[in-house]
Structures are given as C-alpha cells and as structure tokens.
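Report on the structure given below.
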Amino acid sequence: MSAVDKVASEAPPVEAVPKRSMTLGTGASLLMLALLIIGPMFVKNFIVFQLTMLLIYALAVLALNILTGGSGQFSLGQSAFYAVGAYTSAILMEHFGVNYALTLPVAGLICFGFGFLFGQPALRLSGIYLALATFALAVAMPQLLKLGVFEHWTGGVQGLVVTKPDAPFGLPISQDRWLYYFTLTIAIGIYIASVNLLKSRSGRAFMAIRDNEIAASAMGVDVALYKTLAFGVSAGITGVAGGLGAIAVQFVAPDGYTITLAISLFLGMVVGGVGWLPGSIVGSAFIIFVPNIAEGISKGLSGAVFGVLLFLVIFLVPHGARQVAIVAQQMLGKLTKG
Amino acid sequence: MTAMLNIKDLRAYYGQVQALHGLEFGLNEGSLTTLLGANGAGKTTTLRAICNMVRSTGSIEFDGASLTGRSTENIVRLGIAHVPQGRGTFTTMTVEENLQLGAITRKDRAGVTSDIERMYDHFPVLKERHTQQAGTLSGGEQQMLAVARALMLRPRLMLLDEPSFGLAPLIVRDLFKILGKINREDKVTILVVEQNAQLALELADKAYVIETGRIVMSGSAAEIANNEDVRKSYLGY
Amino acid sequence: MELFINQVLAGIATGAIYACMALAVVMIYQAIDHLNFAQGEMAMFSTFIAWQLMQWGVPYWWAFLITLVFSFAGGIVIERMLFKPLAKAPVLTNVAGFIALFAIVNSVAGLTWDFTIKPFPTPFGSSPFLGSQLISTHQAGMIGVTVGLLILLYLFFQFTRIGLAMRAAAALPESARLVGINTSWMIALGWGMASAIGAIAGILIAPVVFLEPNMMGGVLIYGFAAAVLGGLTSPLGAVVGGFLVGVFENLAGTYIPGVGNELKLPIALALIITVLVLKPAGLFGRPIVKRV
C-alpha cells in the first residue's frame, strides 16, 4: 500500500434530511388517520386483508427507513429479520399456545437482539460492503429455516400453519377487520414512537453519524453504540411486522422470506422517500399494488411492466413521495397566501 | 490591446442563494490580472462561473464568442485552463499521468512530449518525482503540478484560484516568479484570485477588488496598492 | 490430500466463471461508482442474442463478434436513455433503477425465448483438459480468456489516452472536466465496455450452466462477492477474487458437514464477509482515507 492514498471527502450515501421534514404536519396526519380508520369499514374482506398487509409492509419499510434514512446504514437483509419475527410468533402460538398479541413483543425483542448482534460485525463495513453482508444474511435465512435440526419447531420446508384470531369480547366484526384494526393500533404506536425516537437525542446521534461519521465521533457520539442500536431498533420493528404478517397470512414457510422480500422493502423505501417516515405507507402501497397492476396489464411481461412503472416513478420523483409532499406543501402555502 | 475576456452583468447562484450580483470586468490579452477580496466575496464563484461550474446568468465572452451554454469541458477546450482551489490533483495517478491528462484534448503527440520536458525545466522537482503517485507530493509540489498540468493545455487564458493557499512563504515567492515568467515568455493571459494581496499586487499589472459579489474598485496594480482603503483592509498597514 | 487438490482444481474451474463476471462488475464500478444489479441480466440477454444468431446459421465467431458490438452499443444506449437522466438523483434511486432494469430485461428475455434451458456450444470442446477429469478444455479456455481479458484491460487503462481519461473521470469528475474530458461520455463508454465484457462472460458461462433467463442469478452474486473480495477498484483483484470464491465454495461443500448445495452460497458469503471485516477494502483494494 502506498504511503498516501486517495483522500476523499466522500459524500454521504444518504442525503441529509432535516429532522422536521422527516414527519408530517398535524393536519395531514389526522386526515391520514381518519382515512385509515374509516376506509376499511366499507370494503370487502379481501381488500381489508390487503390493507392489513399494507400496514404491515409499511412498518417494515419504516424500520428500514430508520436504519438507512436515519443512521445512513444500508441493508438488504430486512427479510431475515422479518422471517425471524414471523417464525417467533408462529412457533409461540402453535407450539406453546401463547396468545397472538403477546407473541409480538417477544418477536420484537428477539429481533432487536438479533439485529443488535448483527450490527457488531457490520460496524466495520459500510456502503457496498454492508449491502453484501446484509444480502448474505437474507440469502442464508430461508436455507437456515429449512435445516433439519430445527425442523421440529419450524416445520422445515412445509412451514407452519397459524391460526387466525377471532375478535375479542364477542365484537361483531369479521376476523379480517379485527386484525386490521389491531394492526393499525400497533402501527400507529410504532410510528409515533419512531418519530419521537428520531427527534430525541438518539435520533440526533443517528443523523450525525449518517451525515458525517468522523465528525460525529469527534463530537463525542458513541458511533459504535448508536450504529448497532439503529440496527437493533430497525430489526425489532421489522420483527413485529413479521409477526403480524404471519398472523395475517396464517402461514409461515422459508420461501416466503427470500431476498425478493428484502428488495421489495428497499424499493418501498426509495419510492416513499428515503428518510421520510410517512412515505413508508406510500412505498408499501407501491410494492403491494404495482406488481398486481403490472400483472393486469400484461401477464407475460409483468416484470417488464413493473420495471417500466418503477422507472417512471423514479424519473418523475427521484426523491420519492417526499418530493410530492414538499411540492404539495409549497403549492398549499401559495394558495393560502394568495 | 483588445479585451480577451469580457464579463457583463454576471450573477451566480448556489441553489436559492445569490453569490454574484452583476459583476462586470474584462481581461486584456497578455495581461496578468488579480482579483482581490475577503472570504466569501465571490472570487472563487467568479472563476467557477467562467467555466460554467455554477449556475449563472449574464454574458461571458471569450475572444468575442459567448461562453453561455457551453459545458465545462468545451470551455476548457477553447484554451481556458483552470487551476481550482484545492488543486484538483489526480492523487492516485503518477505525476507524469497528471501532466498527460492536462494535454488530453491535444492531438499533437510530439508537442505533448516536448511540453512535458518543458514543464520539467520549469519545475525540476516534478522531474525527480515523475513516476511517483501525485498524492505523495507535498502541498507546494502539488501546486506546481497543478500549474504545470494547466499549462499542458497550452492555454491562452489561465485561471488560478488561490495558488498560495497553505504554502510556505518562500514557496509562494517561487511559484509567483514562475507565473510571471509564464505570462511574459509564453504570452499566457493570467487571472489569479488571491487573499495574499501584497504578493498578488507585486506580480500583477491590473487588479480588481470584489466585495459581496460586486466589483468595488479597479485599476493598475500600483494604483490599487496605493489606495488607502485597500491598504487598510487587505494589506494591513 | 488428493481430494483436497481435486476440489481446489474444480473450484478454480468454477471460479473462472465468477472471475469473468467480476471483471465486468469492476469495470462498471470504476466507471459509475455503483454496482449494477442488472449486469447479470444484461449478460444473459447478450448470450441469447448470440444463441439466436447461431440458430439463424451464423458461425460461432461471427455470432460472438456481432454480439459484442451489439452489447457495447446496447450498454451505451441504456446509459443514455435510462441512467443519464438519473445522474443527479440520489444513489439509492439509482439502485432502484438497476432493479427496474433487471425486471425488464429478465421479463423480455423470458417472453422472447421462454424459460426452458437450452444447450450452448463451446468453441473449446469439452474433453478432459490435459487428462484431468476435473477441468475440461472449455473451462481451461475460459480461464485463458479471462486472463487475456484482464491483460487487455490493463493495457487499455495504462497505456491509452482514452483509458487514462476514463480513469480520471472516475477518480475526480470535476478535475477531469477541467482538463477537457467529457465525463458524461466516459460513463457511457464504461457502460458499453462493461456490457461487452458481460457478454463475453455470459457466452463463456452458458455452456456450463445452460442458457435460460435466470442463468445469471447465482453467477452474478458470486461475481459481486468476488469483486468485493478482491477490492472493487482492482481488475486483478476481481479475477483473483473470482478464483478464490470458486475454491471457497467447493471446499465448504466438501469439508463442512451438513453443507449441501443449498448452504454453499451462504457459507461462501460468510467467509467473504469475514475477510472483509478483517480487511474492509478487499484484498487488492485501495483504502480510502476519509476526511471530515
């Protein structure tokens, strides 16, 4: 190695998003909330199920957003955390008879620990190297779940069937609708907690690391701690989403959690706007509905149609839904002034 | 003498922020002009605007032809060499490769080879290090390399952005002596942006003073050096 | 011991595939500073073009040549049409673009040529090489072509003006523009070259893995891993990385109990990550000193 190598003040991979623009205004938040509460009352059960999945993937995208948009670390391994969460819930429910609601905190905690531990070796990697490491995790996870040693618990290649919970206290609503509102409650709770996390001291530390790691450590931010913490939090939320997903789909199997899921979540983050938490639900909608739309347009070329639609989105709004929100806000500002 | 570079009503912007507010000045062919000003006055922005490296409006004419709308690389191909702040050295490449890069747009291979030898005459230290990675050079040596790289273009106009930055006073003197020689012998028109006003005024024959994006004073270097305000603000006596 | 040597040899033979792909990966990384996730699909598409030409009766080497020219031009067209408009977009948006390109190419190839596997001819024959049962003449030919390509690339980047200009544009785009280099076209040229190298890789790999739209999936992952292991800035590193990954993969499959075909990939990746944790810039990469 030569004595002096290239000195580069590398641009951070994720653009700096100011703290206040990571969230939504009060008015818009309440409107969104009302839509989410009232909307499902008037649609068919299957659509309610899809809306439940929308919330679940939105949570998973949100988790990735905290990791990437918040702390600047990139992950292609979110599907692994999602899988661990899903299996935790499924195993607790089916083998130990634990109540479905109680399995979720356990799934979250186990994934938090898993993510925190995974964050340790990942500390030495960044950018493309971290992408490769997390990618390896995503590739390995379905194979590990298939291993004969765990087969008694995981059901091997066959997977596990999960019982769908009924609405409690004899409430007169369908299972799907109950699960939707159950998921909505959890999603809102996690969203509010995440917004507060990013506004807190820890959130500032995440963002300082994202924007300039060396400067952050020079200011006394414990870089190693906060980077692994970001991994832990992100994995924990993903794990809860995975648990909810297992309950909603009523089934877990290794091939449901391949790298494709991780890539979908990544696309959801980009489409929603990296670092903009409310965008997570837009991104989630994109990854749930656009493949269906593509299939509807052309069965044989659904992949190509999906690709073209994705290109259209990133050409029109390279910064994702965040960009739309900013433009809308400016126009609204002009209207109220004029 | 005809004006080689003519700038009128130049305004430049960084995003929403306006950095130049209607700058006007000209450079005569063969002159050595200096642009003085404090930090943030807009000196670097002026040079970047000439090479279309920052969004700007107004007119910039070089030899009577407008530079508006031309890309940076096309402007350079007209014979305008720019030694940027921080030198822009290709640190992972050798000294000789850096010099070759300076002449990358030229087609006359023999001329390039002989020009590299000429640069080694101007700057003997570069010859000693010609196979070394440019990043291993000291700051002064890298500045010499940056000047030499710019000269490899056989420019008609050379723009230098704070060549004295971070260099020891003795090295700065050497460098400025060489710049004077290039101006006289090779007939290269030079525009040098400096914070080291004293040295720049000794070297230059014409000077402009820029403050918050506007030219506030212009004249021969001697006149400017004797101006009371300039003496107080920039020369410190 | 003999088993060990045999497995190493077999690993080198498969490693040649990865090395070839890794070269294409490094090429594009040098030009655009990203990993192109659609690279494998582009290579697959090029290979189908060659196959189609041969189906129409074009002789092997002519088909090879036409495919190279087509791929080179195709790479440039893709860059101009799809990625030049994204030049100012965030990095992650560009990555999403690669994924979109992946979906498009894969889907179009599937519709045009369907998903049944097709045999692909080799110009080197497939008899045992020098009497060894482990390396065929095709694999030996592949190693030869990879090494030849590496040497050509080295000569190109070290001794031609355009190679020098490409390196400069990749290292410091702003300085490159200031010496008159059209950096935007250098990027397009990088895409073209990477696409052509990918085509060579695809044509060499197809006789081993058989031709079908998903043939490059696994290969590209190993190719990435190889490039990263060798250090993304070094073509030599990419080739060495490719051979190492091939050997890793084979030895893991042989010596670690319970590792079937399914776990070979995760284990190879885990090994690579271990290397990276110890040496974050890769074996041959240049560490970048960061400045605040």
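Note on naming: chains are A, B, ... as they come in the structure tokens, residues start from 1 per chain, ligands start from 1 in the order shown.
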I need the residues in region 40-258 of chain C that are strand (DSSP E) according to DSSP; give them as a ChimeraX atom specification. /C:128-129,132-136
Prev. selection, N, CA and C atoms, output as a PDB file, in the first residue's frame:
ATOM      1  N   PRO C 128     -11.651 -33.804 -21.431  1.00  0.00           N
ATOM      2  CA  PRO C 128     -10.807 -33.524 -20.265  1.00  0.00           C
ATOM      3  C   PRO C 128      -9.567 -32.741 -20.685  1.00  0.00           C
ATOM      4  N   PHE C 129      -9.188 -31.768 -19.868  1.00  0.00           N
ATOM      5  CA  PHE C 129      -8.036 -30.934 -20.187  1.00  0.00           C
ATOM      6  C   PHE C 129      -6.765 -31.575 -19.619  1.00  0.00           C
ATOM      7  N   SER C 132      -6.990 -34.375 -17.162  1.00  0.00           N
ATOM      8  CA  SER C 132      -7.615 -34.223 -15.848  1.00  0.00           C
ATOM      9  C   SER C 132      -9.128 -34.326 -15.995  1.00  0.00           C
ATOM     10  N   GLN C 133      -9.749 -35.099 -15.106  1.00  0.00           N
ATOM     11  CA  GLN C 133     -11.194 -35.239 -15.176  1.00  0.00           C
ATOM     12  C   GLN C 133     -11.897 -34.004 -14.613  1.00  0.00           C
ATOM     13  N   LEU C 134     -11.139 -33.178 -13.922  1.00  0.00           N
ATOM     14  CA  LEU C 134     -11.779 -32.079 -13.204  1.00  0.00           C
ATOM     15  C   LEU C 134     -11.908 -30.819 -14.030  1.00  0.00           C
ATOM     16  N   ILE C 135     -10.955 -30.601 -14.915  1.00  0.00           N
ATOM     17  CA  ILE C 135     -11.032 -29.398 -15.743  1.00  0.00           C
ATOM     18  C   ILE C 135     -11.212 -29.813 -17.187  1.00  0.00           C
ATOM     19  N   SER C 136     -12.251 -29.267 -17.817  1.00  0.00           N
ATOM     20  CA  SER C 136     -12.458 -29.583 -19.222  1.00  0.00           C
ATOM     21  C   SER C 136     -11.729 -28.547 -20.068  1.00  0.00           C
TER      22      SER C 136
END
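The neighbours of Phe165 (chain B) here are the residues that come within 9 Å of it, using only C-alpha atoms and leaving out any residue fewer than 4 positions away in the same chain; they are Gln85, Gly86, Asp161, Val172, Glu194, Gln195 and Asn196 of chain B.
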Write a file of the selected residues as a short mmCIF file (atom, residue, chain, number, x, y, z; two decimals), in the first residue's frame, keeping N, CA and C atoms.
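That gives us result.cif:
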data_model
loop_
_atom_site.label_atom_id
_atom_site.label_comp_id
_atom_site.auth_asym_id
_atom_site.auth_seq_id
_atom_site.Cartn_x
_atom_site.Cartn_y
_atom_site.Cartn_z
N GLN B 85 -9.29 25.66 -6.65
CA GLN B 85 -8.92 25.67 -5.24
C GLN B 85 -8.75 24.22 -4.80
N GLY B 86 -7.75 23.95 -4.00
CA GLY B 86 -7.52 22.57 -3.58
C GLY B 86 -6.80 21.76 -4.66
N ASP B 161 -6.94 29.76 -8.75
CA ASP B 161 -7.73 30.03 -7.55
C ASP B 161 -6.87 29.85 -6.31
N VAL B 172 5.72 30.22 -2.05
CA VAL B 172 4.80 31.11 -2.74
C VAL B 172 5.58 32.06 -3.65
N GLU B 194 -6.64 35.91 -5.25
CA GLU B 194 -5.73 35.77 -4.11
C GLU B 194 -6.27 36.40 -2.84
N GLN B 195 -5.86 35.84 -1.72
CA GLN B 195 -6.06 36.52 -0.45
C GLN B 195 -4.76 37.18 -0.03
N ASN B 196 -3.64 36.67 -0.54
CA ASN B 196 -2.35 37.26 -0.25
C ASN B 196 -2.18 38.48 -1.17
#
Please tabulate, as CSV, the residues of chain B that come within 9 Å of chain C, each with its closest pair of atoms and the distance in Å to one decimal, counting only C-alpha atoms and ordering rows by chain, then residue number upward.
residue,atom,partner,partner_atom,distance
B:Cys51,CA,C:Leu178,CA,8.2
B:Met53,CA,C:Glu174,CA,8.8
B:Ser71,CA,C:Arg177,CA,8.8
B:Thr72,CA,C:Arg177,CA,6.1
B:Glu73,CA,C:Gly180,CA,4.0
B:Asn74,CA,C:Gly180,CA,6.5
B:Ile75,CA,C:Gly180,CA,7.8
B:Val76,CA,C:Gly180,CA,5.3
B:Arg77,CA,C:Gly180,CA,5.7
B:Ala81,CA,C:Leu178,CA,7.2
B:His82,CA,C:Leu178,CA,6.4
B:Val83,CA,C:Leu178,CA,8.2
B:Pro84,CA,C:Ser175,CA,8.1
B:Arg87,CA,C:Ser175,CA,8.7
B:Gly88,CA,C:Ser175,CA,5.4
B:Thr89,CA,C:Ser175,CA,7.5
B:Phe90,CA,C:Leu172,CA,6.9
B:Thr91,CA,C:Ala171,CA,8.8
B:Thr92,CA,C:Ala171,CA,8.1
B:Met93,CA,C:Ala168,CA,8.6
B:Glu97,CA,C:Leu164,CA,7.8
B:Gln100,CA,C:Arg161,CA,8.5
B:Leu101,CA,C:Val179,CA,6.7
B:Gly102,CA,C:Val179,CA,5.4
B:Ala103,CA,C:Val179,CA,7.4
B:Ile104,CA,C:Arg161,CA,7.0
B:Thr105,CA,C:Gly180,CA,6.2
B:Arg149,CA,C:Val179,CA,8.3
B:Ala150,CA,C:Val179,CA,7.5
B:Leu153,CA,C:Val179,CA,7.6
Okay, now the selection with C-alpha atoms, as a PDB file, in the first residue's frame?
ATOM      1  CA  CYS B  51     -16.016  27.677 -16.596  1.00  0.00           C
ATOM      2  CA  MET B  53     -19.336  25.139 -12.963  1.00  0.00           C
ATOM      3  CA  SER B  71     -20.168  22.752 -20.956  1.00  0.00           C
ATOM      4  CA  THR B  72     -17.106  22.993 -18.726  1.00  0.00           C
ATOM      5  CA  GLU B  73     -15.105  20.632 -20.917  1.00  0.00           C
ATOM      6  CA  ASN B  74     -15.918  22.627 -24.054  1.00  0.00           C
ATOM      7  CA  ILE B  75     -14.862  25.861 -22.410  1.00  0.00           C
ATOM      8  CA  VAL B  76     -11.577  24.251 -21.412  1.00  0.00           C
ATOM      9  CA  ARG B  77     -11.076  23.112 -24.995  1.00  0.00           C
ATOM     10  CA  ALA B  81      -7.151  26.385 -18.117  1.00  0.00           C
ATOM     11  CA  HIS B  82      -8.468  26.492 -14.565  1.00  0.00           C
ATOM     12  CA  VAL B  83      -6.357  25.607 -11.537  1.00  0.00           C
ATOM     13  CA  PRO B  84      -9.064  25.054  -8.942  1.00  0.00           C
ATOM     14  CA  ARG B  87      -5.550  21.912  -6.785  1.00  0.00           C
ATOM     15  CA  GLY B  88      -7.662  19.072  -8.142  1.00  0.00           C
ATOM     16  CA  THR B  89      -4.679  16.730  -8.343  1.00  0.00           C
ATOM     17  CA  PHE B  90      -5.387  13.186  -9.534  1.00  0.00           C
ATOM     18  CA  THR B  91      -3.786  11.808  -6.409  1.00  0.00           C
ATOM     19  CA  THR B  92      -3.862   8.128  -7.338  1.00  0.00           C
ATOM     20  CA  MET B  93      -2.050   8.719 -10.625  1.00  0.00           C
ATOM     21  CA  GLU B  97      -0.001  10.873 -15.906  1.00  0.00           C
ATOM     22  CA  GLN B 100      -0.608  13.886 -19.758  1.00  0.00           C
ATOM     23  CA  LEU B 101      -4.132  14.466 -18.526  1.00  0.00           C
ATOM     24  CA  GLY B 102      -3.561  18.196 -18.820  1.00  0.00           C
ATOM     25  CA  ALA B 103      -2.918  17.698 -22.528  1.00  0.00           C
ATOM     26  CA  ILE B 104      -5.619  15.078 -23.057  1.00  0.00           C
ATOM     27  CA  THR B 105      -7.515  17.237 -25.546  1.00  0.00           C
ATOM     28  CA  ARG B 149      -0.991  20.437 -15.636  1.00  0.00           C
ATOM     29  CA  ALA B 150      -2.893  23.568 -16.609  1.00  0.00           C
ATOM     30  CA  LEU B 153      -3.261  22.526 -22.325  1.00  0.00           C
TER      31      LEU B 153
END
Find the residues around Phe98 (chain C) up to 7 Å (only C-alpha atoms counted), leave out those fewer than 6 positions away in its own chain, and share them as an mmCIF file with C-alpha atoms, in the first residue's frame.
data_model
loop_
_atom_site.group_PDB
_atom_site.id
_atom_site.type_symbol
_atom_site.label_atom_id
_atom_site.label_comp_id
_atom_site.auth_asym_id
_atom_site.auth_seq_id
_atom_site.Cartn_x
_atom_site.Cartn_y
_atom_site.Cartn_z
ATOM 1 C CA ASN C 36 -25.104 -2.594 -11.421
ATOM 2 C CA PHE C 37 -27.549 -5.222 -10.205
ATOM 3 C CA ALA C 38 -28.841 -5.713 -13.728
#
Region 80-82 of chain A: which residues within 6 Å, counting only C-alpha atoms, same-chain residues fewer than 6 positions away excluded, as JSON, numbers by chain? {"A": [138, 141, 235, 238, 239, 242]}
Next, write the just-selected residues to a file, as an mmCIF file, in the first residue's frame, keeping C-alpha atoms as the atom set.
data_model
loop_
_atom_site.group_PDB
_atom_site.id
_atom_site.type_symbol
_atom_site.label_atom_id
_atom_site.label_comp_id
_atom_site.auth_asym_id
_atom_site.auth_seq_id
_atom_site.Cartn_x
_atom_site.Cartn_y
_atom_site.Cartn_z
ATOM 1 C CA ALA A 138 -31.070 -12.544 3.564
ATOM 2 C CA MET A 141 -32.112 -17.180 6.244
ATOM 3 C CA ALA A 235 -34.692 -5.254 13.249
ATOM 4 C CA THR A 238 -39.274 -5.481 11.310
ATOM 5 C CA GLY A 239 -39.718 -8.440 13.646
ATOM 6 C CA GLY A 242 -43.048 -10.165 10.550
#
With distances taken over only C-alpha atoms, the candidate from B:Gln132, B:Val125, B:Leu20, B:Leu235 nearest chain A is B:Gln132
Interface list for chain C, partner chain A, 9 Å threshold, only C-alpha atoms, as an MDAnalysis selection string: chainID C and resid 34:35 82 85:86 88:97 99:108 110:111 224:225 228 262:263 265:267 269:270 272:274 276:278 280:281 286:292
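For the pair CA of Val252 (chain A) and CA of Leu160 (chain A), the separation is 5.3 Å.
Note that the spacing between CA of Phe157 (chain C) and CA of His138 (chain C) amounts to 28.3 Å.
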Of B:Ile182, B:Asp121, B:Leu137, B:Gly30, the one nearest to chain A when counting only C-alpha atoms is B:Leu137
